[in-house]
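Below: input-v6.csv (CSV, C-alpha atoms)
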chain,number,residue,atom,x,y,z
Z,1,MET,CA,80.5,68.2,79.9
Z,2,ASN,CA,80.3,70.8,82.7
Z,3,THR,CA,81.4,74.1,81.3
Z,4,THR,CA,80.4,76.5,84.1
Z,5,PRO,CA,83.1,79.0,85.0
Z,6,GLU,CA,83.7,77.5,88.4
Z,7,ASN,CA,84.5,74.0,86.9
Z,8,ASN,CA,86.5,74.7,83.7
Z,9,PHE,CA,89.9,74.2,85.2
Z,10,LYS,CA,92.3,71.6,83.8
Z,11,LYS,CA,93.5,68.9,86.1
Z,12,ASN,CA,97.1,68.1,87.1
Z,13,ARG,CA,98.5,71.6,86.4
Z,14,GLU,CA,100.6,73.8,88.6
Z,15,ILE,CA,99.1,77.2,88.6
Z,16,SER,CA,99.3,80.5,90.5
Z,17,LEU,CA,95.9,82.1,91.1
Z,18,PHE,CA,95.4,85.9,91.0
Z,19,ILE,CA,91.9,86.9,92.4
Z,20,CYS,CA,90.1,90.2,92.0
Z,21,LEU,CA,86.3,90.4,91.6
Z,22,THR,CA,86.0,94.1,90.8
Z,23,GLU,CA,84.3,95.9,87.9
Z,24,SER,CA,86.6,98.9,88.0
Z,25,TRP,CA,89.8,99.7,86.2
Z,26,SER,CA,92.4,101.4,88.4
Z,27,THR,CA,95.9,101.0,89.9
Z,28,ARG,CA,94.7,97.8,91.7
Z,29,GLU,CA,93.7,96.0,88.6
Z,30,ARG,CA,96.8,97.2,86.7
Z,31,SER,CA,99.0,95.9,89.5
Z,32,LEU,CA,97.3,92.5,89.3
Z,33,ILE,CA,98.1,92.2,85.5
Z,34,LYS,CA,101.6,93.4,86.1
Z,35,ASP,CA,102.1,90.8,88.9
Z,36,ALA,CA,100.6,88.0,86.7
Z,37,LYS,CA,102.9,88.9,83.8
Z,38,LEU,CA,106.0,88.8,86.1
Z,39,ALA,CA,104.8,85.4,87.5
Z,40,LYS,CA,104.4,84.1,84.0
Z,41,GLN,CA,108.0,85.1,83.2
Z,42,LYS,CA,109.1,82.8,86.1
Z,43,ASP,CA,106.9,79.9,84.9
Z,44,TYR,CA,104.3,80.2,87.6
Z,45,ALA,CA,101.4,79.7,85.1
Z,46,PRO,CA,99.2,82.5,86.3
Z,47,ILE,CA,95.4,82.4,86.0
Z,48,ILE,CA,93.3,85.5,86.5
Z,49,PHE,CA,90.1,84.8,88.4
Z,50,CYS,CA,87.7,87.7,87.8
Z,51,LEU,CA,84.2,88.7,86.7
Z,52,LYS,CA,83.3,88.0,83.1
Z,53,ASP,CA,83.3,91.1,80.8
Z,54,SER,CA,84.9,93.2,83.5
Z,55,PHE,CA,87.7,95.6,82.5
Z,56,LEU,CA,90.1,93.3,84.3
Z,57,ASP,CA,88.9,90.4,82.0
Z,58,GLN,CA,89.3,92.5,78.9
Z,59,TYR,CA,92.7,93.8,79.7
Z,60,SER,CA,94.0,90.4,80.9
Z,61,GLN,CA,93.0,88.8,77.6
Z,62,ARG,CA,94.6,91.7,75.7
Z,63,GLU,CA,97.9,90.8,77.5
Z,64,GLY,CA,97.5,87.1,76.6
Z,65,LEU,CA,96.8,86.0,80.2
Z,66,GLU,CA,94.6,83.0,81.0
Z,67,VAL,CA,91.3,84.1,82.5
Z,68,LYS,CA,88.7,82.1,84.5
Z,69,TYR,CA,85.4,83.6,85.7
Z,70,HIS,CA,83.3,83.9,88.8
Z,71,PHE,CA,79.6,84.0,88.3
Z,72,GLY,CA,79.3,87.3,90.2
Z,73,LYS,CA,77.0,88.1,93.1
Z,74,VAL,CA,73.9,85.9,93.7
Z,75,GLN,CA,70.7,87.4,94.9
Z,76,ARG,CA,69.9,86.4,98.5
Z,77,HIS,CA,66.5,87.6,99.8
Z,78,PHE,CA,67.4,91.2,100.5
Z,79,TYR,CA,71.0,91.5,99.3
Z,80,LYS,CA,73.5,90.1,96.8
Z,81,TRP,CA,76.4,87.9,97.9
Z,82,TYR,CA,79.4,86.2,96.3
Z,83,ARG,CA,79.6,82.4,96.5
Z,84,TYR,CA,83.0,80.9,97.0
Z,85,ARG,CA,82.5,77.2,96.4
Z,86,PHE,CA,84.7,77.6,93.3
Z,87,LEU,CA,87.7,77.8,95.6
Z,88,SER,CA,87.2,74.4,97.4
Z,89,LYS,CA,86.6,72.7,94.0
Z,90,LEU,CA,89.7,74.4,92.5
Z,91,LEU,CA,91.9,73.2,95.4
Z,92,LYS,CA,90.8,69.6,94.8
Z,93,SER,CA,91.3,69.7,91.0
Z,94,GLU,CA,94.5,71.9,90.6
Z,95,LYS,CA,97.9,72.0,92.1
Z,96,VAL,CA,98.0,75.6,93.2
Z,97,ILE,CA,101.5,77.0,93.8
Z,98,PHE,CA,100.2,80.2,95.5
Z,99,ILE,CA,97.2,82.5,95.7
Z,100,HIS,CA,97.5,86.3,95.4
Z,101,CYS,CA,94.4,88.3,96.4
Z,102,TYR,CA,93.7,92.0,95.7
Z,103,ASP,CA,90.6,92.6,97.7
Z,104,LEU,CA,90.4,92.6,101.4
Z,105,ASN,CA,86.7,91.6,101.3
Z,106,LEU,CA,87.7,88.4,99.6
Z,107,ILE,CA,90.5,87.4,101.9
Z,108,TRP,CA,88.2,86.0,104.7
Z,109,PRO,CA,86.6,83.2,102.7
Z,110,ILE,CA,89.9,82.4,101.0
Z,111,CYS,CA,91.6,82.1,104.4
Z,112,PHE,CA,88.8,79.8,105.5
Z,113,PHE,CA,89.0,77.5,102.5
Z,114,LEU,CA,92.8,77.3,102.8
Z,115,ARG,CA,92.8,76.1,106.5
Z,116,ASN,CA,93.3,72.5,105.3
Z,117,SER,CA,95.8,73.4,102.5
Z,118,PRO,CA,99.0,74.3,104.4
Z,119,MET,CA,101.2,74.0,101.3
Z,120,ILE,CA,99.6,76.9,99.5
Z,121,PRO,CA,101.0,80.4,100.3
Z,122,LEU,CA,98.5,83.3,100.4
Z,123,PHE,CA,99.5,86.8,99.4
Z,124,LEU,CA,97.4,90.0,99.8
Z,125,THR,CA,97.9,93.3,98.1
Z,126,ILE,CA,96.4,96.4,99.8
Z,127,ASP,CA,96.2,99.4,97.6
Z,128,ARG,CA,94.1,101.6,99.9
Z,129,ALA,CA,93.6,102.1,103.6
Z,130,PRO,CA,91.1,99.7,105.2
Z,131,ARG,CA,87.9,101.5,106.0
Z,132,ARG,CA,87.6,99.9,109.5
Z,133,SER,CA,89.7,97.9,111.9
Z,134,TYR,CA,89.8,94.1,111.8
Z,135,LEU,CA,91.0,93.2,115.2
Z,136,GLU,CA,88.3,90.9,116.4
Z,137,ILE,CA,89.4,87.4,117.4
Z,138,TRP,CA,87.8,85.7,114.3
Z,139,HIS,CA,89.6,88.2,112.0
Z,140,LYS,CA,92.9,87.6,113.7
Z,141,ALA,CA,92.4,83.8,113.4
Z,142,LEU,CA,91.9,84.1,109.6
Z,143,LEU,CA,94.6,86.7,109.0
Z,144,THR,CA,97.2,84.3,110.4
Z,145,ARG,CA,96.8,82.4,107.2
Z,146,VAL,CA,98.1,85.3,105.1
Z,147,ASP,CA,101.8,84.8,104.5
Z,148,GLN,CA,102.7,88.3,103.1
Z,149,VAL,CA,100.9,91.6,102.6
Z,150,PHE,CA,102.2,93.9,99.8
Z,151,VAL,CA,101.8,97.7,100.1
Z,152,SER,CA,102.9,100.6,97.9
Z,153,SER,CA,104.5,102.9,100.6
Z,154,GLU,CA,105.8,103.2,104.1
Z,155,SER,CA,102.6,105.0,105.2
Z,156,MET,CA,100.5,101.9,104.3
Z,157,ILE,CA,102.6,99.8,106.8
Z,158,ASP,CA,101.1,101.7,109.7
Z,159,GLU,CA,97.6,101.3,108.2
Z,160,ALA,CA,98.1,97.5,107.9
Z,161,LYS,CA,99.5,97.2,111.4
Z,162,LEU,CA,96.9,99.4,113.0
Z,163,ARG,CA,93.8,98.2,111.3
Z,164,LEU,CA,94.7,94.5,110.5
Z,165,GLY,CA,97.0,93.8,113.5
Z,166,LEU,CA,99.7,92.4,111.2
Z,167,LEU,CA,103.3,91.8,112.3
Z,168,PRO,CA,105.8,94.1,110.5
Z,169,ARG,CA,107.7,91.0,109.1
Z,170,LYS,CA,104.5,90.1,107.1
Z,171,ILE,CA,104.4,93.5,105.4
Z,172,THR,CA,106.5,94.3,102.3
Z,173,VAL,CA,106.7,97.6,100.5
Z,174,LEU,CA,106.8,97.1,96.7
Z,175,GLY,CA,106.4,100.6,95.4
Z,176,TYR,CA,104.4,101.1,92.2
Z,177,GLY,CA,106.6,99.3,89.8
Z,178,VAL,CA,106.1,101.7,86.9
Z,179,SER,CA,108.1,102.1,83.7
Z,180,ILE,CA,108.1,105.0,81.2
Z,181,GLY,CA,110.2,103.4,78.4
Z,182,GLU,CA,112.0,105.7,76.0
Z,183,ILE,CA,109.3,108.4,75.8
Z,184,GLN,CA,111.2,110.7,78.3
Z,185,LYS,CA,113.9,111.1,75.6
Z,186,SER,CA,111.4,112.1,72.9
Z,187,ASP,CA,111.3,115.7,71.7
Z,188,LEU,CA,108.7,117.6,73.7
Z,189,ASN,CA,107.8,120.0,70.9
Z,190,LYS,CA,107.3,117.1,68.5
Z,191,ILE,CA,105.0,115.3,70.9
Z,192,LYS,CA,102.9,118.4,71.4
Z,193,SER,CA,102.7,118.9,67.7
Z,194,GLU,CA,101.6,115.3,67.2
Z,195,LEU,CA,98.9,115.6,69.8
Z,196,ALA,CA,97.8,119.0,68.6
Z,197,ILE,CA,98.3,120.6,72.0
Z,198,ASN,CA,98.2,124.4,71.9
Z,199,THR,CA,101.5,125.8,73.3
Z,200,GLU,CA,99.8,129.2,73.8
Z,201,SER,CA,97.7,127.8,76.7
Z,202,HIS,CA,98.5,126.1,80.0
Z,203,THR,CA,97.5,122.4,79.7
Z,204,ILE,CA,96.7,120.0,82.5
Z,205,GLY,CA,95.9,116.3,81.9
Z,206,SER,CA,93.8,113.8,83.7
Z,207,LEU,CA,93.0,110.1,83.1
Z,208,ILE,CA,89.3,109.1,83.3
Z,209,SER,CA,88.8,105.4,83.9
Z,210,PRO,CA,86.0,103.8,81.8
Z,211,HIS,CA,84.3,102.1,84.8
Z,212,HIS,CA,82.8,105.3,86.3
Z,213,LYS,CA,79.0,105.6,86.3
Z,214,ASN,CA,78.7,109.1,87.5
Z,215,MET,CA,80.9,112.2,87.1
Z,216,ASP,CA,80.9,113.6,90.7
Z,217,PHE,CA,84.6,112.9,91.1
Z,218,ILE,CA,85.5,115.1,88.1
Z,219,LEU,CA,83.2,118.0,88.6
Z,220,PRO,CA,85.7,119.8,91.0
Z,221,LEU,CA,88.3,119.8,88.2
Z,222,ILE,CA,85.9,121.3,85.7
Z,223,TYR,CA,84.7,124.0,88.1
Z,224,ALA,CA,88.3,124.8,89.0
Z,225,VAL,CA,89.3,125.2,85.3
Z,226,ASN,CA,86.3,127.3,84.6
Z,227,GLY,CA,87.0,129.5,87.6
Z,228,TYR,CA,90.7,129.9,86.7
Z,229,ASN,CA,89.9,131.1,83.2
Z,230,GLN,CA,87.3,133.6,84.5
Z,231,LYS,CA,89.7,135.0,87.0
Z,232,HIS,CA,92.6,135.1,84.6
Z,233,HIS,CA,90.6,136.4,81.6
Z,234,GLY,CA,93.0,138.0,79.1
Z,235,ASP,CA,96.0,136.1,80.5
Z,236,LYS,CA,97.3,132.7,79.3
Z,237,ASP,CA,94.2,130.5,79.5
Z,238,LEU,CA,94.0,126.9,80.9
Z,239,ARG,CA,92.9,123.8,79.1
Z,240,LEU,CA,91.9,120.5,80.8
Z,241,ILE,CA,92.6,117.4,78.7
Z,242,LEU,CA,90.5,114.4,79.7
Z,243,ILE,CA,92.1,111.2,78.5
Z,244,SER,CA,90.4,107.8,78.1
Z,245,GLU,CA,92.0,104.5,77.3
Z,246,LYS,CA,88.9,103.6,75.3
Z,247,LYS,CA,86.9,105.6,72.8
Z,248,TRP,CA,85.0,108.3,74.6
Z,249,ASN,CA,81.7,107.2,73.2
Z,250,GLN,CA,82.1,103.9,75.0
Z,251,ASN,CA,82.5,105.7,78.3
Z,252,GLN,CA,79.4,105.6,80.5
Z,253,ILE,CA,79.6,109.3,81.6
Z,254,TYR,CA,80.5,110.8,78.2
Z,255,LYS,CA,77.0,112.1,77.2
Z,256,GLU,CA,76.2,113.5,80.6
Z,257,LEU,CA,79.7,115.1,80.8
Z,258,ILE,CA,79.3,116.8,77.4
Z,259,ARG,CA,75.9,118.2,78.4
Z,260,PHE,CA,77.3,119.6,81.7
Z,261,ILE,CA,80.3,121.2,79.9
Z,262,LYS,CA,78.0,122.8,77.3
Z,263,ASP,CA,75.7,124.2,80.0
Z,264,ALA,CA,78.7,125.6,81.9
Z,265,GLY,CA,80.0,127.2,78.7
Z,266,SER,CA,83.3,125.4,79.0
Z,267,GLU,CA,83.5,123.7,75.5
Z,268,GLU,CA,86.7,125.5,74.7
Z,269,ASP,CA,88.3,124.7,78.1
Z,270,ILE,CA,87.8,120.9,78.2
Z,271,LEU,CA,89.3,118.7,75.5
Z,272,PHE,CA,88.7,114.9,75.0
Z,273,TYR,CA,91.4,112.5,73.8
Z,274,SER,CA,91.5,108.7,73.5
Z,275,GLY,CA,93.3,106.0,71.8
Z,276,CYS,CA,96.8,107.4,72.3
Z,277,SER,CA,99.7,106.6,74.7
Z,278,ILE,CA,98.8,108.1,78.1
Z,279,GLU,CA,102.5,108.6,78.8
Z,280,MET,CA,102.7,110.8,75.7
Z,281,PHE,CA,100.0,113.1,77.1
Z,282,GLN,CA,101.7,113.1,80.5
Z,283,ARG,CA,105.0,114.2,78.8
Z,284,ALA,CA,103.2,117.0,77.0
Z,285,VAL,CA,101.1,118.6,79.7
Z,286,ASP,CA,102.2,121.3,82.2
Z,287,LEU,CA,100.6,119.5,85.1
Z,288,TRP,CA,99.1,116.0,85.7
Z,289,ILE,CA,96.0,115.9,87.9
Z,290,SER,CA,94.5,112.8,89.5
Z,291,SER,CA,90.7,112.8,90.2
Z,292,ALA,CA,89.5,111.9,93.7
Z,293,GLU,CA,88.4,108.4,92.9
Z,294,GLY,CA,90.6,106.3,95.2
Z,295,ASN,CA,92.2,106.4,98.6
Z,296,ASN,CA,95.8,106.3,97.5
Z,297,LEU,CA,98.3,107.7,95.0
Z,298,SER,CA,97.7,106.6,91.4
Z,299,ASP,CA,100.4,104.7,89.4
Z,300,TYR,CA,100.0,107.3,86.7
Z,301,ALA,CA,100.8,110.1,89.1
Z,302,VAL,CA,104.1,108.4,89.8
Z,303,LYS,CA,104.7,108.0,86.1
Z,304,SER,CA,104.1,111.7,85.7
Z,305,LEU,CA,106.9,112.5,88.1
Z,306,LEU,CA,109.3,110.2,86.3
Z,307,LEU,CA,108.4,112.0,83.1
Z,308,GLY,CA,109.3,115.3,84.7
Z,309,VAL,CA,105.8,116.7,85.2
Z,310,PRO,CA,104.4,118.0,88.5
Z,311,ILE,CA,101.2,116.5,90.0
Z,312,LEU,CA,98.1,117.7,91.7
Z,313,VAL,CA,96.5,114.8,93.6
Z,314,PRO,CA,93.9,114.2,96.3
Z,315,ARG,CA,95.2,114.5,99.8
Z,316,ASN,CA,95.9,111.4,101.8
Z,317,ALA,CA,98.6,109.9,104.0
Z,318,GLU,CA,100.5,108.3,101.1
Z,319,VAL,CA,100.5,111.5,99.1
Z,320,MET,CA,101.7,113.6,102.1
Z,321,GLU,CA,104.5,111.0,102.7
Z,322,LEU,CA,105.6,111.5,99.0
Z,323,PHE,CA,105.6,115.3,99.3
Z,324,ASN,CA,107.4,115.3,102.6
Z,325,SER,CA,110.1,113.2,100.9
Z,326,PHE,CA,110.1,115.1,97.7
Z,327,PRO,CA,108.9,118.7,98.5
Z,328,GLY,CA,107.9,120.9,95.6
Z,329,THR,CA,107.0,118.0,93.2
Z,330,GLY,CA,103.3,118.7,93.3
Z,331,GLU,CA,100.3,119.8,95.5
Z,332,ALA,CA,97.5,118.0,97.2
Z,333,TYR,CA,93.8,119.0,97.3
Z,334,ARG,CA,90.8,118.0,99.4
Z,335,LYS,CA,88.1,115.9,97.8
Z,336,ASN,CA,85.2,117.9,96.3
Z,337,ASP,CA,87.0,121.2,96.9
Z,338,SER,CA,86.9,123.0,93.6
Z,339,LEU,CA,88.1,126.3,95.1
Z,340,GLY,CA,91.1,124.4,96.6
Z,341,VAL,CA,91.8,122.8,93.3
Z,342,ARG,CA,91.8,126.2,91.6
Z,343,GLU,CA,94.1,127.7,94.2
Z,344,LYS,CA,96.6,124.8,93.8
Z,345,LEU,CA,96.5,125.2,90.0
Z,346,GLU,CA,97.3,128.8,90.3
Z,347,LYS,CA,100.1,128.1,92.7
Z,348,VAL,CA,101.8,125.5,90.5
Z,349,LEU,CA,101.3,127.3,87.2
Z,350,ALA,CA,102.6,130.6,88.7
Z,351,LYS,CA,105.8,128.8,89.9
Z,352,LYS,CA,106.0,126.3,87.1
Z,353,LYS,CA,109.8,126.5,86.7
Z,354,THR,CA,110.4,125.9,90.4
Z,355,TYR,CA,108.2,122.8,90.4
Z,356,LEU,CA,109.8,121.4,87.3
Z,357,LYS,CA,113.2,121.9,88.9
Z,358,GLN,CA,112.1,120.0,92.1
Z,359,VAL,CA,110.6,117.2,90.0
Z,360,ALA,CA,113.8,116.8,88.1
Z,361,LYS,CA,115.8,116.8,91.3
Z,362,GLY,CA,113.7,114.0,92.9
Z,363,SER,CA,113.0,111.9,89.8
Z,364,LYS,CA,116.1,109.7,90.3
Z,365,LYS,CA,115.2,108.7,93.8
Z,366,ILE,CA,111.5,108.2,92.9
Z,367,LYS,CA,112.6,105.9,90.1
Z,368,ILE,CA,114.7,103.8,92.5
Z,369,MET,CA,111.7,103.5,94.9
Z,370,HIS,CA,109.1,102.8,92.2
Z,371,SER,CA,110.9,101.2,89.3
Z,372,VAL,CA,109.5,98.0,87.8
Z,373,GLU,CA,112.9,96.3,88.2
Z,374,ALA,CA,113.0,96.8,92.0
Z,375,TYR,CA,109.3,95.8,92.2
Z,376,SER,CA,109.8,92.6,90.2
Z,377,GLU,CA,112.9,91.6,92.2
Z,378,THR,CA,111.1,92.0,95.5
Z,379,LEU,CA,107.9,90.4,94.4
Z,380,ILE,CA,109.4,87.3,92.9
Z,381,SER,CA,111.8,87.0,95.9
Z,382,ARG,CA,108.8,87.0,98.3
Z,383,TYR,CA,107.0,84.4,96.2
Z,384,LYS,CA,110.0,82.0,96.1
Z,385,LYS,CA,110.9,82.4,99.8
Z,386,THR,CA,107.3,81.9,101.0
Z,387,ILE,CA,106.7,78.9,98.8
Z,388,SER,CA,109.9,77.3,100.2
Z,389,ALA,CA,109.0,78.2,103.7
Z,390,ARG,CA,105.5,76.6,103.3
Z,391,LYS,CA,107.0,73.4,101.9
Z,392,ARG,CA,109.6,73.1,104.8
Z,393,ALA,CA,106.9,73.7,107.4
Z,394,ALA,CA,104.6,71.1,105.8
Z,395,THR,CA,107.4,68.5,105.5
Z,396,LYS,CA,108.4,69.1,109.2
Z,397,THR,CA,104.8,68.6,110.3
Z,398,ARG,CA,104.5,65.4,108.3
Z,399,ASN,CA,107.7,64.0,109.8
Z,400,ILE,CA,106.4,64.8,113.3
Z,401,LEU,CA,103.1,63.1,112.7
Z,402,SER,CA,104.8,60.0,111.2
Z,403,ARG,CA,106.9,59.6,114.3
Z,404,ASP,CA,103.8,59.7,116.4

Rewritten as structure tokens:
Amino acid sequence: MNTTPENNFKKNREISLFICLTESWSTRERSLIKDAKLAKQKDYAPIIFCLKDSFLDQYSQREGLEVKYHFGKVQRHFYKWYRYRFLSKLLKSEKVIFIHCYDLNLIWPICFFLRNSPMIPLFLTIDRAPRRSYLEIWHKALLTRVDQVFVSSESMIDEAKLRLGLLPRKITVLGYGVSIGEIQKSDLNKIKSELAINTESHTIGSLISPHHKNMDFILPLIYAVNGYNQKHHGDKDLRLILISEKKWNQNQIYKELIRFIKDAGSEEDILFYSGCSIEMFQRAVDLWISSAEGNNLSDYAVKSLLLGVPILVPRNAEVMELFNSFPGTGEAYRKNDSLGVREKLEKVLAKKKTYLKQVAKGSKKIKIMHSVEAYSETLISRYKKTISARKRAATKTRNILSRD
């Protein structure tokens, strides 16, 4: 019996396919799992197609989602390349309701293989600005096969139109679809006590994803904290809490990070936490800071605002759109600018009450824009409408051909 990952699909099933061949764990992968869970609630039978042993694989299985594997890149003379024959075989063996892709690099072969499958809708989520323009004739020909593109904010609409040449009607703003549960109602002092957070110090928190293989993205934060404490020696000091969803000794950069912190003499300034609710830490810190590891706003940065905590995030178009709509809810810094990070830290901590007031003022509207309820309603609505539209178009085409 053939048990290779590309062929282990059951026949005669109706499935929805969610594709993302990344080894990272970020907002993009968390969005995929969220979308698949929402699809499962509507009986769309989601299958996650990912790399074996990737973080997406691990977290999908933890959520009870069905997972199938791609082999990964195959060595070709001077480079490595993905093979996509799995898709043509899948389309022959399964009844695919729709395909949702989360990687722009994968959309081209998917569009190619779907050219003879007009009944299958194709969705694409873009979580970051494309690095280049795709306006050549062959790109346009393939992109016409995409039914709907999902983005997180209005600023991403302009990126999708400018760099992909997409029509506005094909672009839908979903927001981030985050939920904070009941933790916002919890007693703040009790949370700080449970987490052993010193109330005599300023505390800032940052989530460090387990996929990182180097620590370049976090060095500006450490330099900034070190510089802040040297400048404000004798005043209320600053502690940076680095949070990991997995045990720190399983993180690839942990040993190197420990050595660097020790050499910098910052052992008392940097704290490591893992295994606890990230939202609990967000609720307890004075400021949430996102490291410069992606192009767009992080889902956890949005959660921080909903929990009433200001944010310090890398500067980009989406971030500036947020701060223009909700001024005073945080600050933006430039990538690799430790001095800029320190100055922004000083600004927020010096006017902490003002920032907290502005966050509280804007949190209701932010929740409306990025709530999981609104996200779910829009996403499922787009799935249903597009599936129906594809069926009507295919039926109309068959009727025309039968008359001929």

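If you measure from each of Z:Ile400, Z:Ile99, Z:Leu106, Z:Leu164 to Z:Trp138 using all atoms listed in the file, the closest one turns out to be Z:Leu164.
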
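Using all atoms listed in the file, the smallest distance between any of Z:Leu312, Z:Phe18, Z:Ala224, Z:Met320 and Z:Ile110 comes from Z:Phe18.
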
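In this comparison, which uses all atoms listed in the file, the residue of Z:Pro130, Z:Pro210, Z:Gly165, Z:Pro310 approaching Z:Gly362 most closely is Z:Pro310.
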
Surrounding residues of Z:Lys365 excluding itself and chain neighbours under 6 positions, 12 Å, only C-alpha atoms, as a PyMOL selection string: chain Z and resi 302+305-306+322+325-326+358-359+371

Have a look at atom CA of Z:Glu245 and atom CA of Z:Asp187 and let me know their distance in Å, one decimal. 23.0 Å

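Atom CA of Z:Val341 is positioned 29.4 Å from atom CA of Z:Thr22.
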
Could you add N, CA and C atoms to stretch 327-341 of chain Z and give me the result as an mmCIF file, keeping the file's coordinate frame?
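Saved to selection_23.cif:
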data_model
loop_
_atom_site.group_PDB
_atom_site.id
_atom_site.type_symbol
_atom_site.label_atom_id
_atom_site.label_comp_id
_atom_site.auth_asym_id
_atom_site.auth_seq_id
_atom_site.Cartn_x
_atom_site.Cartn_y
_atom_site.Cartn_z
ATOM 1 N N PRO Z 327 109.661 117.416 98.441
ATOM 2 C CA PRO Z 327 108.900 118.700 98.500
ATOM 3 C C PRO Z 327 108.988 119.411 97.131
ATOM 4 N N GLY Z 328 107.888 120.075 96.781
ATOM 5 C CA GLY Z 328 107.900 120.900 95.600
ATOM 6 C C GLY Z 328 107.635 120.110 94.294
ATOM 7 N N THR Z 329 107.300 118.808 94.400
ATOM 8 C CA THR Z 329 107.000 118.000 93.200
ATOM 9 C C THR Z 329 105.557 118.039 92.811
ATOM 10 N N GLY Z 330 104.731 118.655 93.638
ATOM 11 C CA GLY Z 330 103.300 118.700 93.300
ATOM 12 C C GLY Z 330 102.543 119.302 94.523
ATOM 13 N N GLU Z 331 101.216 119.261 94.420
ATOM 14 C CA GLU Z 331 100.300 119.800 95.500
ATOM 15 C C GLU Z 331 99.203 118.763 95.691
ATOM 16 N N ALA Z 332 98.598 118.858 96.887
ATOM 17 C CA ALA Z 332 97.500 118.000 97.200
ATOM 18 C C ALA Z 332 96.224 118.836 97.454
ATOM 19 N N TYR Z 333 95.075 118.288 97.089
ATOM 20 C CA TYR Z 333 93.800 119.000 97.300
ATOM 21 C C TYR Z 333 92.825 118.091 98.033
ATOM 22 N N ARG Z 334 91.841 118.720 98.643
ATOM 23 C CA ARG Z 334 90.800 118.000 99.400
ATOM 24 C C ARG Z 334 89.690 117.587 98.400
ATOM 25 N N LYS Z 335 89.147 116.408 98.632
ATOM 26 C CA LYS Z 335 88.100 115.900 97.800
ATOM 27 C C LYS Z 335 86.891 116.852 97.739
ATOM 28 N N ASN Z 336 86.346 117.058 96.538
ATOM 29 C CA ASN Z 336 85.200 117.900 96.300
ATOM 30 C C ASN Z 336 85.388 119.383 96.590
ATOM 31 N N ASP Z 337 86.641 119.816 96.657
ATOM 32 C CA ASP Z 337 87.000 121.200 96.900
ATOM 33 C C ASP Z 337 87.439 121.896 95.666
ATOM 34 N N SER Z 338 86.503 122.395 94.851
ATOM 35 C CA SER Z 338 86.900 123.000 93.600
ATOM 36 C C SER Z 338 87.676 124.283 93.762
ATOM 37 N N LEU Z 339 87.354 125.053 94.819
ATOM 38 C CA LEU Z 339 88.100 126.300 95.100
ATOM 39 C C LEU Z 339 89.556 125.922 95.459
ATOM 40 N N GLY Z 340 89.717 124.863 96.280
ATOM 41 C CA GLY Z 340 91.100 124.400 96.600
ATOM 42 C C GLY Z 340 91.847 123.940 95.439
ATOM 43 N N VAL Z 341 91.171 123.248 94.511
ATOM 44 C CA VAL Z 341 91.800 122.800 93.300
ATOM 45 C C VAL Z 341 92.316 123.998 92.480
#
